[in-house]
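Participant: structure-v4.csv is the file, holding CSV, C-alpha atoms:
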chain,number,residue,atom,x,y,z
A,1,ASN,CA,23.4,18.4,-54.7
A,2,VAL,CA,24.1,14.7,-54.8
A,3,VAL,CA,27.6,15.1,-56.3
A,4,GLN,CA,28.6,17.6,-53.6
A,5,VAL,CA,27.4,15.3,-50.9
A,6,TYR,CA,29.3,12.4,-52.4
A,7,ASN,CA,32.5,14.4,-52.7
A,8,TYR,CA,32.1,15.8,-49.2
A,9,MET,CA,31.6,12.3,-47.7
A,10,ARG,CA,34.5,10.9,-49.6
A,11,ARG,CA,36.8,13.6,-48.2
A,12,GLN,CA,35.6,13.1,-44.6
A,13,MET,CA,35.9,9.3,-44.9
A,14,PHE,CA,39.5,9.6,-46.1
A,15,VAL,CA,40.5,12.1,-43.4
A,16,TYR,CA,39.0,10.1,-40.5
A,17,HIS,CA,39.3,6.6,-41.8
A,18,MET,CA,35.6,5.9,-41.4
A,19,ASN,CA,33.3,3.9,-43.7
A,20,ALA,CA,30.2,5.5,-45.3
A,21,ARG,CA,27.7,4.4,-42.7
A,22,GLU,CA,29.8,5.7,-39.8
A,23,MET,CA,30.4,9.0,-41.6
A,24,LEU,CA,26.8,9.5,-42.4
A,25,THR,CA,25.8,8.7,-38.8
A,26,THR,CA,28.4,11.2,-37.6
A,27,TRP,CA,27.1,13.9,-39.9
A,28,GLN,CA,23.5,13.3,-38.9
A,29,ASP,CA,24.4,13.4,-35.2
A,30,TYR,CA,26.4,16.6,-35.7
A,31,LEU,CA,23.5,18.3,-37.5
A,32,ASN,CA,21.0,17.3,-34.9
A,33,MET,CA,23.2,18.7,-32.1
A,34,ALA,CA,23.9,21.8,-34.1
A,35,ALA,CA,20.2,22.4,-34.5
A,36,GLY,CA,19.7,21.9,-30.8
A,37,PHE,CA,22.3,24.7,-30.2
A,38,HIS,CA,20.4,26.9,-32.7
A,39,TYR,CA,23.1,26.9,-35.3
A,40,ASN,CA,22.0,27.8,-38.8
A,41,VAL,CA,22.2,24.3,-40.2
A,42,ASN,CA,21.2,25.7,-43.7
A,43,GLY,CA,24.4,27.7,-43.7
A,44,GLU,CA,27.2,26.0,-45.7
A,45,ILE,CA,29.8,26.7,-43.0
A,46,VAL,CA,27.7,24.7,-40.6
A,47,TYR,CA,26.3,21.8,-42.7
A,48,ARG,CA,29.6,21.3,-44.6
A,49,ALA,CA,32.1,21.7,-41.7
A,50,ALA,CA,35.6,21.2,-43.0
A,51,LYS,CA,36.5,19.0,-40.0
A,52,LEU,CA,33.3,17.2,-39.5
A,53,LYS,CA,34.3,14.6,-36.8
A,54,LYS,CA,36.2,17.3,-34.9
A,55,ARG,CA,33.1,19.6,-34.9
A,56,HIS,CA,30.9,16.6,-34.0
A,57,ASP,CA,33.1,15.8,-30.9
A,58,GLU,CA,33.1,19.4,-29.8
A,59,LEU,CA,29.3,19.5,-29.8
A,60,VAL,CA,29.3,16.2,-27.9
A,61,ARG,CA,31.4,17.7,-25.2
A,62,ARG,CA,29.3,20.9,-25.1
A,63,SER,CA,26.1,18.8,-24.9
A,64,ASN,CA,27.6,16.8,-22.0
A,65,HIS,CA,28.6,20.0,-20.2
A,66,ARG,CA,25.1,21.5,-20.7
A,67,ASP,CA,23.6,18.3,-19.2
A,68,THR,CA,26.0,18.4,-16.3
A,69,VAL,CA,25.2,22.1,-15.6
A,70,SER,CA,21.5,21.2,-15.6
A,71,ARG,CA,21.9,18.3,-13.2
A,72,ALA,CA,24.1,20.5,-10.9
A,73,GLY,CA,21.4,23.2,-10.8
A,74,LYS,CA,18.7,20.7,-9.9
A,75,LEU,CA,20.9,19.2,-7.1
A,76,LEU,CA,21.6,22.7,-5.7
A,77,GLN,CA,17.9,23.4,-5.6
A,78,LYS,CA,17.5,20.4,-3.4
A,79,PHE,CA,20.7,20.8,-1.4
A,80,PRO,CA,21.5,24.5,-1.4
A,81,HIS,CA,24.5,24.4,0.9
A,82,VAL,CA,26.7,21.8,-0.8
A,83,ASP,CA,28.7,24.2,-3.0
A,84,ASP,CA,29.6,26.2,0.2
A,85,ILE,CA,30.5,23.0,2.0
A,86,CYS,CA,32.8,22.0,-0.8
A,87,LYS,CA,34.7,25.2,-0.5
A,88,THR,CA,35.5,24.5,3.2
A,89,LEU,CA,36.9,21.0,2.6
A,90,SER,CA,40.3,21.7,1.0
A,91,GLU,CA,42.0,23.3,4.0
A,92,LYS,CA,41.1,20.4,6.3
A,93,TYR,CA,41.2,17.3,4.0
A,94,GLU,CA,43.6,17.9,1.1
A,95,TYR,CA,47.0,16.3,1.4
A,96,ALA,CA,49.8,15.3,-1.0
A,97,GLY,CA,52.3,12.5,-0.7
A,98,ASP,CA,55.0,11.2,-3.1
A,99,VAL,CA,52.6,8.8,-4.9
A,100,TYR,CA,49.1,9.8,-4.0
A,101,THR,CA,47.2,13.1,-3.5
A,102,ILE,CA,43.8,13.8,-2.0
A,103,LEU,CA,41.8,16.7,-3.4
A,104,ALA,CA,38.5,18.1,-2.4
A,105,PRO,CA,35.8,19.1,-5.0
A,106,LYS,CA,35.2,22.8,-5.3
A,107,SER,CA,31.5,22.4,-6.3
A,108,VAL,CA,28.7,20.0,-7.2
A,109,MET,CA,29.9,20.3,-10.8
A,110,ASP,CA,33.3,18.8,-9.8
A,111,ILE,CA,31.5,15.9,-8.2
A,112,LEU,CA,29.3,15.2,-11.3
A,113,VAL,CA,32.2,15.5,-13.7
A,114,GLU,CA,34.1,13.0,-11.5
A,115,GLY,CA,31.2,10.6,-11.5
A,116,ASP,CA,30.7,10.9,-15.3
A,117,THR,CA,34.5,10.4,-15.9
A,118,LEU,CA,34.7,7.3,-13.8
A,119,HIS,CA,31.2,6.0,-14.7
A,120,HIS,CA,30.3,5.2,-11.1
A,121,CYS,CA,27.3,5.7,-8.9
A,122,ILE,CA,27.9,9.2,-7.7
A,123,ALA,CA,26.9,10.5,-11.1
A,124,SER,CA,23.4,9.0,-10.8
A,125,SER,CA,22.6,9.1,-7.1
A,126,ASP,CA,21.6,12.0,-4.9
A,127,ARG,CA,22.3,10.2,-1.6
A,128,TYR,CA,26.0,11.3,-1.5
A,129,ILE,CA,25.1,14.9,-2.1
A,130,GLU,CA,22.4,14.7,0.6
A,131,ARG,CA,24.9,13.3,3.1
A,132,MET,CA,27.3,16.2,2.3
A,133,GLU,CA,24.4,18.6,2.9
A,134,LYS,CA,23.9,17.0,6.4
A,135,HIS,CA,27.7,16.8,7.1
A,136,GLU,CA,27.3,13.0,7.4
A,137,SER,CA,30.0,12.3,4.9
A,138,TYR,CA,32.0,14.1,2.2
A,139,LEU,CA,33.3,13.1,-1.3
A,140,LEU,CA,37.0,13.5,-1.9
A,141,PHE,CA,39.2,12.6,-4.9
A,142,LEU,CA,42.3,10.3,-4.6
A,143,ARG,CA,44.7,11.1,-7.5
A,144,LYS,CA,48.2,10.2,-8.6
A,145,THR,CA,50.6,13.0,-7.5
A,146,SER,CA,52.2,12.7,-10.9
A,147,ASN,CA,48.9,13.6,-12.6
A,148,PRO,CA,46.5,15.2,-10.1
A,149,GLU,CA,44.2,16.4,-12.9
A,150,LYS,CA,43.2,12.9,-13.9
A,151,ALA,CA,40.3,11.2,-12.1
A,152,TYR,CA,41.5,8.1,-10.3
A,153,TYR,CA,39.5,7.1,-7.2
A,154,THR,CA,36.5,8.7,-5.5
A,155,MET,CA,36.2,8.4,-1.8
A,156,GLU,CA,33.3,8.8,0.6
A,157,VAL,CA,34.7,9.8,4.0
A,158,GLU,CA,33.2,10.7,7.4
A,159,PRO,CA,34.1,14.0,9.0
A,160,ASN,CA,37.0,12.4,11.0
A,161,GLY,CA,38.5,10.8,8.0
A,162,THR,CA,37.0,7.3,8.3
A,163,VAL,CA,36.8,6.0,4.7
A,164,ARG,CA,33.4,4.5,3.9
A,165,GLN,CA,34.0,3.8,0.3
A,166,ILE,CA,36.8,4.1,-2.3
A,167,ARG,CA,36.0,3.2,-5.9
A,168,THR,CA,37.4,3.9,-9.3
A,169,GLU,CA,35.9,3.2,-12.8
A,170,TYR,CA,32.6,1.3,-12.9
A,171,ASP,CA,32.7,1.0,-9.0
A,172,ARG,CA,35.8,-1.1,-9.2
A,173,GLN,CA,39.2,-1.2,-7.4
A,174,LYS,CA,42.6,-1.5,-9.0
A,175,LYS,CA,45.4,-3.8,-8.0
A,176,ASP,CA,47.2,-1.0,-6.1
A,177,ILE,CA,44.3,-0.6,-3.7
A,178,GLY,CA,46.5,-2.0,-0.9
A,179,ALA,CA,49.1,0.7,-1.4
A,180,ALA,CA,46.4,3.3,-1.6
A,181,ARG,CA,44.9,2.2,1.7
A,182,LYS,CA,48.4,2.4,3.3
A,183,PHE,CA,48.6,6.0,2.1
A,184,LEU,CA,45.1,6.7,3.5
A,185,ARG,CA,46.4,5.7,6.9
A,186,GLU,CA,49.1,8.3,6.6
A,187,TRP,CA,46.5,10.8,5.5
A,188,GLN,CA,44.2,10.0,8.4
A,189,SER,CA,47.0,10.7,10.9
A,190,VAL,CA,47.8,14.0,9.2
A,191,ILE,CA,44.2,15.4,9.2
A,192,ALA,CA,43.5,14.1,12.8
A,193,LYS,CA,45.5,17.2,13.9
A,194,ARG,CA,43.2,19.5,11.9
A,195,LEU,CA,39.9,18.3,13.2
A,196,THR,CA,37.7,20.3,15.6
A,197,GLU,CA,35.3,19.2,18.3
A,198,ASN,CA,32.4,19.8,15.8
A,199,ASP,CA,34.1,17.5,13.4
A,200,ARG,CA,34.4,14.8,16.0
A,201,ARG,CA,30.8,15.1,17.1
A,202,ALA,CA,29.6,15.0,13.5
A,203,ALA,CA,31.8,11.9,12.9
A,204,GLU,CA,30.3,10.1,15.9
A,205,GLN,CA,26.8,10.8,14.5
A,206,SER,CA,27.9,9.6,11.1
A,207,ARG,CA,29.3,6.4,12.6
A,208,VAL,CA,25.9,5.7,14.3
A,209,LEU,CA,24.0,6.3,11.0
A,210,ARG,CA,26.4,4.1,9.1
A,211,GLU,CA,26.1,1.2,11.6
A,212,GLU,CA,22.3,1.5,11.5
A,213,GLU,CA,22.3,1.4,7.7
A,214,PHE,CA,24.6,-1.6,7.7
A,215,VAL,CA,22.3,-3.5,10.0
A,216,GLN,CA,19.3,-2.6,7.9
A,217,MET,CA,21.0,-3.7,4.6
A,218,ARG,CA,22.0,-7.0,6.2
A,219,ASN,CA,18.5,-7.6,7.5
A,220,ASP,CA,17.1,-6.8,4.0
A,221,GLN,CA,19.8,-8.9,2.3
A,222,VAL,CA,20.4,-6.1,-0.2
A,223,LYS,CA,22.5,-7.5,-3.1
A,224,ILE,CA,24.5,-5.8,-5.8
A,225,ARG,CA,22.8,-6.3,-9.2
A,226,ASN,CA,25.3,-5.2,-11.8
A,227,GLY,CA,29.1,-5.2,-12.5
A,228,ASP,CA,31.9,-7.3,-11.2
A,229,LEU,CA,30.3,-7.5,-7.7
A,230,ALA,CA,26.9,-8.7,-8.8
A,231,GLY,CA,25.3,-11.1,-6.4
A,232,ARG,CA,27.3,-10.1,-3.4
A,233,LEU,CA,25.7,-8.5,-0.3
A,234,LEU,CA,26.2,-4.8,-0.5
A,235,VAL,CA,26.9,-4.6,3.2
A,236,ASP,CA,29.8,-7.1,2.8
A,237,VAL,CA,31.4,-4.9,0.1
A,238,LEU,CA,31.0,-1.7,2.1
A,239,THR,CA,32.4,-3.4,5.2
A,240,ALA,CA,35.5,-4.5,3.2
A,241,ASP,CA,35.9,-0.9,2.0
A,242,LEU,CA,35.6,0.6,5.5
A,243,LEU,CA,38.9,2.1,6.8
A,244,GLU,CA,38.2,3.6,10.3
A,245,THR,CA,40.4,6.1,12.0
A,246,ALA,CA,42.6,4.9,14.8
A,247,ALA,CA,40.9,7.1,17.3
Could you take the file, read its structure, and then write that structure out as structure tokens?
Facilitator:
Amino acid sequence: NVVQVYNYMRRQMFVYHMNAREMLTTWQDYLNMAAGFHYNVNGEIVYRAAKLKKRHDELVRRSNHRDTVSRAGKLLQKFPHVDDICKTLSEKYEYAGDVYTILAPKSVMDILVEGDTLHHCIASSDRYIERMEKHESYLLFLRKTSNPEKAYYTMEVEPNGTVRQIRTEYDRQKKDIGAARKFLREWQSVIAKRLTENDRRAAEQSRVLREEEFVQMRNDQVKIRNGDLAGRLLVDVLTADLLETAA
């Protein structure tokens, strides 16, 4: 009844320091998500959750995970070998230094979670997954060695370690990008000893495709539309990111 609703809202507002409008919106969102997961929203234990905001946030995370699982499934239908390719990357490309660490994704899910966490383009574009399927380039994660579980930079690299792109939140770069690039030189020298002839042949084909794409983008005058780099030619930004191997 109205009195119960009033008392419930007052308690939740006090616990979470939210006003009435915020609390009612949170309650509505929670009940909508609960119904979507087939909870019995007529049951008191559901509709009158003791810790409403906590239950709301749990369902948000569950909804996001379900969406990510769905996207991963659709990508694997289009590119069925990518998960298997991911499993081969760690032995060849992973490396840890004192400050930075490079990790390989274990699956498409890892890649999507990384993109969602950093809010950059790999979360919304199939082209990087398609390139992995063709062994044109791979996605790797640059992390701080002190906190390797936390997303930091995402890299697109060619099979020989040439870095095509390195971007963090919202497709940006941080002030320490110079130090990171110095570490990447060290990483390139380490993995050079792990490469096979197949890797080198794939890298040469990747270089040809990249150069052709750069020429086409420059001819088409493709510009970045959003973010800090809006208005700049995309090919200029990609060229600045490029870190080719010594050999």
Participant: Hey, what's within 10 Å of range 173-177 of chain A if we count all atoms listed in the file and toss same-chain stuff fewer than 5 positions away? As a JSON list (two decimals) with C-alpha atoms, in the coordinates of the input, please?
Facilitator:
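Below you can see selection_30.json, which holds the result:
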[["chain", "number", "residue", "atom", "x", "y", "z"],
["A", 152, "TYR", "CA", 41.50, 8.10, -10.30],
["A", 153, "TYR", "CA", 39.50, 7.10, -7.20],
["A", 166, "ILE", "CA", 36.80, 4.10, -2.30],
["A", 167, "ARG", "CA", 36.00, 3.20, -5.90],
["A", 168, "THR", "CA", 37.40, 3.90, -9.30],
["A", 182, "LYS", "CA", 48.40, 2.40, 3.30],
["A", 183, "PHE", "CA", 48.60, 6.00, 2.10],
["A", 241, "ASP", "CA", 35.90, -0.90, 2.00]]
Participant: Using only C-alpha atoms, determine which residues lie at most 6 Å from range 79-87 of chain A, disregarding the query and same-chain residues fewer than 4 positions distant; provide the list as a compact mmCIF listing (two decimals) with C-alpha atoms, in the frame of the given file.
Facilitator:
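File produced: around03.txt:
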# COMPACT_ATOMS: atom_id res chain seq x y z
CA LEU A 75 20.90 19.20 -7.10
CA PRO A 105 35.80 19.10 -5.00
CA LYS A 106 35.20 22.80 -5.30
CA SER A 107 31.50 22.40 -6.30
CA VAL A 108 28.70 20.00 -7.20
CA GLU A 133 24.40 18.60 2.90
Participant: Hey, which of A:Val237, A:Leu59, A:Ala96, A:Leu195 ends up closest to Trp27 in chain A? Count all atoms listed in the file.
Facilitator: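 Selected residue with least distance to Trp27 in chain A: A:Leu59.
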Participant: Just the residues within 7 Å of range 196-213 of chain A, please, counting all atoms listed in the file, with nothing from its chain fewer than 2 positions along; format it as an MDAnalysis selection string.
Facilitator: chainID A and resid 135:136 158:160 194 215:217
Participant: What is the distance, in Å and to one decimal place, between CA of Met23 in chain A and CA of Tyr8 in chain A?
Facilitator: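 Going from CA of Met23 in chain A over to CA of Tyr8 in chain A, I get 10.3 Å.
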Participant: Nearest to Asn147 in chain A: which of A:Val99, A:Ala240, A:Met33, A:Ala230 is it, counting only C-alpha atoms?
Facilitator: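 Ranking A:Val99, A:Ala240, A:Met33, A:Ala230 by distance to Asn147 in chain A, first place goes to A:Val99.
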Participant: Within 7 Å of range 109-116 of chain A, counting all atoms listed in the file, which residues show up once you throw out same-chain ones fewer than 6 positions away? Write them as a ChimeraX atom specification, please.
Facilitator: /A:68-69,72,122-123,151
Participant: Figure out the distance between CA of Leu142 in chain A and CA of Leu89 in chain A, please, to one decimal in Å.
Facilitator: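 Separating CA of Leu89 in chain A from CA of Leu142 in chain A is a distance of 14.0 Å.
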Participant: How many Å lie between CA of Ile129 in chain A and CA of Lys78 in chain A, rounded to one decimal?
Facilitator: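 Straight-line distance from CA of Ile129 in chain A to CA of Lys78 in chain A works out to 9.5 Å.
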Participant: List every protein, DNA or RNA residue that has an atom no more than 10 Å from (41.5, 2.5, 10.8) in the file's coordinate frame, counting all atoms listed in the file, and report them as number ranges by chain.
Facilitator: A: 161-163, 181, 184-185, 188-189, 242-247
Participant: Skipping near chain neighbours, those fewer than 4 positions away, what residues fall within 9 Å of Val222 in chain A using all atoms listed in the file, listed as a PyMOL selection string?
Facilitator: chain A and resi 216-218+232-235
Participant: Please identify all polymer residues lying at most 6 Å from the point (35.9, 4.2, -12.4) (file coordinates), using only C-alpha atoms, and present the result as a count of residues only.
Facilitator: 7
Participant: Complete range 213-239 of chain A at the level of N, CA, C and O atoms, written as a PDB file, keeping the file's coordinate frame.
Facilitator:
ATOM      1  N   GLU A 213      22.578   1.750   9.131  1.00  0.00           N
ATOM      2  CA  GLU A 213      22.300   1.400   7.700  1.00  0.00           C
ATOM      3  C   GLU A 213      22.867   0.029   7.390  1.00  0.00           C
ATOM      4  O   GLU A 213      22.216  -0.742   6.679  1.00  0.00           O
ATOM      5  N   PHE A 214      24.032  -0.319   7.916  1.00  0.00           N
ATOM      6  CA  PHE A 214      24.600  -1.600   7.700  1.00  0.00           C
ATOM      7  C   PHE A 214      23.699  -2.739   8.218  1.00  0.00           C
ATOM      8  O   PHE A 214      23.492  -3.774   7.574  1.00  0.00           O
ATOM      9  N   VAL A 215      23.175  -2.531   9.415  1.00  0.00           N
ATOM     10  CA  VAL A 215      22.300  -3.500  10.000  1.00  0.00           C
ATOM     11  C   VAL A 215      21.030  -3.689   9.149  1.00  0.00           C
ATOM     12  O   VAL A 215      20.587  -4.817   8.889  1.00  0.00           O
ATOM     13  N   GLN A 216      20.476  -2.575   8.683  1.00  0.00           N
ATOM     14  CA  GLN A 216      19.300  -2.600   7.900  1.00  0.00           C
ATOM     15  C   GLN A 216      19.545  -3.354   6.548  1.00  0.00           C
ATOM     16  O   GLN A 216      18.739  -4.183   6.093  1.00  0.00           O
ATOM     17  N   MET A 217      20.680  -3.047   5.915  1.00  0.00           N
ATOM     18  CA  MET A 217      21.000  -3.700   4.600  1.00  0.00           C
ATOM     19  C   MET A 217      21.202  -5.207   4.833  1.00  0.00           C
ATOM     20  O   MET A 217      20.793  -6.001   3.988  1.00  0.00           O
ATOM     21  N   ARG A 218      21.813  -5.595   5.945  1.00  0.00           N
ATOM     22  CA  ARG A 218      22.000  -7.000   6.200  1.00  0.00           C
ATOM     23  C   ARG A 218      20.667  -7.716   6.457  1.00  0.00           C
ATOM     24  O   ARG A 218      20.408  -8.823   5.973  1.00  0.00           O
ATOM     25  N   ASN A 219      19.819  -7.060   7.208  1.00  0.00           N
ATOM     26  CA  ASN A 219      18.500  -7.600   7.500  1.00  0.00           C
ATOM     27  C   ASN A 219      17.684  -7.783   6.182  1.00  0.00           C
ATOM     28  O   ASN A 219      16.946  -8.765   6.010  1.00  0.00           O
ATOM     29  N   ASP A 220      17.837  -6.797   5.294  1.00  0.00           N
ATOM     30  CA  ASP A 220      17.100  -6.800   4.000  1.00  0.00           C
ATOM     31  C   ASP A 220      17.774  -7.646   2.953  1.00  0.00           C
ATOM     32  O   ASP A 220      17.209  -7.831   1.868  1.00  0.00           O
ATOM     33  N   GLN A 221      18.983  -8.127   3.249  1.00  0.00           N
ATOM     34  CA  GLN A 221      19.800  -8.900   2.300  1.00  0.00           C
ATOM     35  C   GLN A 221      19.890  -8.218   0.938  1.00  0.00           C
ATOM     36  O   GLN A 221      19.657  -8.787  -0.134  1.00  0.00           O
ATOM     37  N   VAL A 222      20.292  -6.942   1.015  1.00  0.00           N
ATOM     38  CA  VAL A 222      20.400  -6.100  -0.200  1.00  0.00           C
ATOM     39  C   VAL A 222      21.664  -6.624  -0.971  1.00  0.00           C
ATOM     40  O   VAL A 222      22.779  -6.677  -0.443  1.00  0.00           O
ATOM     41  N   LYS A 223      21.451  -6.956  -2.249  1.00  0.00           N
ATOM     42  CA  LYS A 223      22.500  -7.500  -3.100  1.00  0.00           C
ATOM     43  C   LYS A 223      22.838  -6.505  -4.232  1.00  0.00           C
ATOM     44  O   LYS A 223      21.973  -5.760  -4.687  1.00  0.00           O
ATOM     45  N   ILE A 224      24.076  -6.550  -4.678  1.00  0.00           N
ATOM     46  CA  ILE A 224      24.500  -5.800  -5.800  1.00  0.00           C
ATOM     47  C   ILE A 224      24.005  -6.452  -7.093  1.00  0.00           C
ATOM     48  O   ILE A 224      24.169  -7.659  -7.252  1.00  0.00           O
ATOM     49  N   ARG A 225      23.414  -5.677  -7.987  1.00  0.00           N
ATOM     50  CA  ARG A 225      22.800  -6.300  -9.200  1.00  0.00           C
ATOM     51  C   ARG A 225      23.645  -6.303 -10.397  1.00  0.00           C
ATOM     52  O   ARG A 225      23.481  -7.167 -11.264  1.00  0.00           O
ATOM     53  N   ASN A 226      24.578  -5.347 -10.515  1.00  0.00           N
ATOM     54  CA  ASN A 226      25.300  -5.200 -11.800  1.00  0.00           C
ATOM     55  C   ASN A 226      26.843  -5.196 -11.485  1.00  0.00           C
ATOM     56  O   ASN A 226      27.286  -4.995 -10.355  1.00  0.00           O
ATOM     57  N   GLY A 227      27.610  -5.365 -12.554  1.00  0.00           N
ATOM     58  CA  GLY A 227      29.100  -5.200 -12.500  1.00  0.00           C
ATOM     59  C   GLY A 227      29.781  -6.411 -11.931  1.00  0.00           C
ATOM     60  O   GLY A 227      29.228  -7.501 -11.764  1.00  0.00           O
ATOM     61  N   ASP A 228      31.060  -6.188 -11.614  1.00  0.00           N
ATOM     62  CA  ASP A 228      31.900  -7.300 -11.200  1.00  0.00           C
ATOM     63  C   ASP A 228      31.466  -7.872  -9.827  1.00  0.00           C
ATOM     64  O   ASP A 228      31.781  -9.019  -9.520  1.00  0.00           O
ATOM     65  N   LEU A 229      30.737  -7.081  -9.034  1.00  0.00           N
ATOM     66  CA  LEU A 229      30.300  -7.500  -7.700  1.00  0.00           C
ATOM     67  C   LEU A 229      28.891  -8.027  -7.645  1.00  0.00           C
ATOM     68  O   LEU A 229      28.363  -8.248  -6.558  1.00  0.00           O
ATOM     69  N   ALA A 230      28.290  -8.217  -8.786  1.00  0.00           N
ATOM     70  CA  ALA A 230      26.900  -8.700  -8.800  1.00  0.00           C
ATOM     71  C   ALA A 230      26.689  -9.936  -8.041  1.00  0.00           C
ATOM     72  O   ALA A 230      27.473 -10.889  -8.130  1.00  0.00           O
ATOM     73  N   GLY A 231      25.630  -9.928  -7.225  1.00  0.00           N
ATOM     74  CA  GLY A 231      25.300 -11.100  -6.400  1.00  0.00           C
ATOM     75  C   GLY A 231      25.810 -11.036  -5.002  1.00  0.00           C
ATOM     76  O   GLY A 231      25.311 -11.753  -4.134  1.00  0.00           O
ATOM     77  N   ARG A 232      26.780 -10.186  -4.746  1.00  0.00           N
ATOM     78  CA  ARG A 232      27.300 -10.100  -3.400  1.00  0.00           C
ATOM     79  C   ARG A 232      26.439  -9.159  -2.541  1.00  0.00           C
ATOM     80  O   ARG A 232      25.793  -8.231  -3.050  1.00  0.00           O
ATOM     81  N   LEU A 233      26.429  -9.426  -1.233  1.00  0.00           N
ATOM     82  CA  LEU A 233      25.700  -8.500  -0.300  1.00  0.00           C
ATOM     83  C   LEU A 233      26.402  -7.184  -0.294  1.00  0.00           C
ATOM     84  O   LEU A 233      27.619  -7.092  -0.120  1.00  0.00           O
ATOM     85  N   LEU A 234      25.612  -6.124  -0.444  1.00  0.00           N
ATOM     86  CA  LEU A 234      26.200  -4.800  -0.500  1.00  0.00           C
ATOM     87  C   LEU A 234      26.879  -4.470   0.856  1.00  0.00           C
ATOM     88  O   LEU A 234      27.955  -3.858   0.858  1.00  0.00           O
ATOM     89  N   VAL A 235      26.337  -4.905   1.959  1.00  0.00           N
ATOM     90  CA  VAL A 235      26.900  -4.600   3.200  1.00  0.00           C
ATOM     91  C   VAL A 235      28.318  -5.241   3.385  1.00  0.00           C
ATOM     92  O   VAL A 235      29.226  -4.682   4.010  1.00  0.00           O
ATOM     93  N   ASP A 236      28.516  -6.405   2.786  1.00  0.00           N
ATOM     94  CA  ASP A 236      29.800  -7.100   2.800  1.00  0.00           C
ATOM     95  C   ASP A 236      30.871  -6.255   2.071  1.00  0.00           C
ATOM     96  O   ASP A 236      32.019  -6.102   2.507  1.00  0.00           O
ATOM     97  N   VAL A 237      30.470  -5.731   0.914  1.00  0.00           N
ATOM     98  CA  VAL A 237      31.400  -4.900   0.100  1.00  0.00           C
ATOM     99  C   VAL A 237      31.726  -3.627   0.826  1.00  0.00           C
ATOM    100  O   VAL A 237      32.898  -3.214   0.873  1.00  0.00           O
ATOM    101  N   LEU A 238      30.724  -2.978   1.415  1.00  0.00           N
ATOM    102  CA  LEU A 238      31.000  -1.700   2.100  1.00  0.00           C
ATOM    103  C   LEU A 238      31.819  -1.940   3.359  1.00  0.00           C
ATOM    104  O   LEU A 238      32.668  -1.107   3.703  1.00  0.00           O
ATOM    105  N   THR A 239      31.606  -3.046   4.040  1.00  0.00           N
ATOM    106  CA  THR A 239      32.400  -3.400   5.200  1.00  0.00           C
ATOM    107  C   THR A 239      33.875  -3.578   4.834  1.00  0.00           C
ATOM    108  O   THR A 239      34.779  -3.135   5.540  1.00  0.00           O
TER     109      THR A 239
END
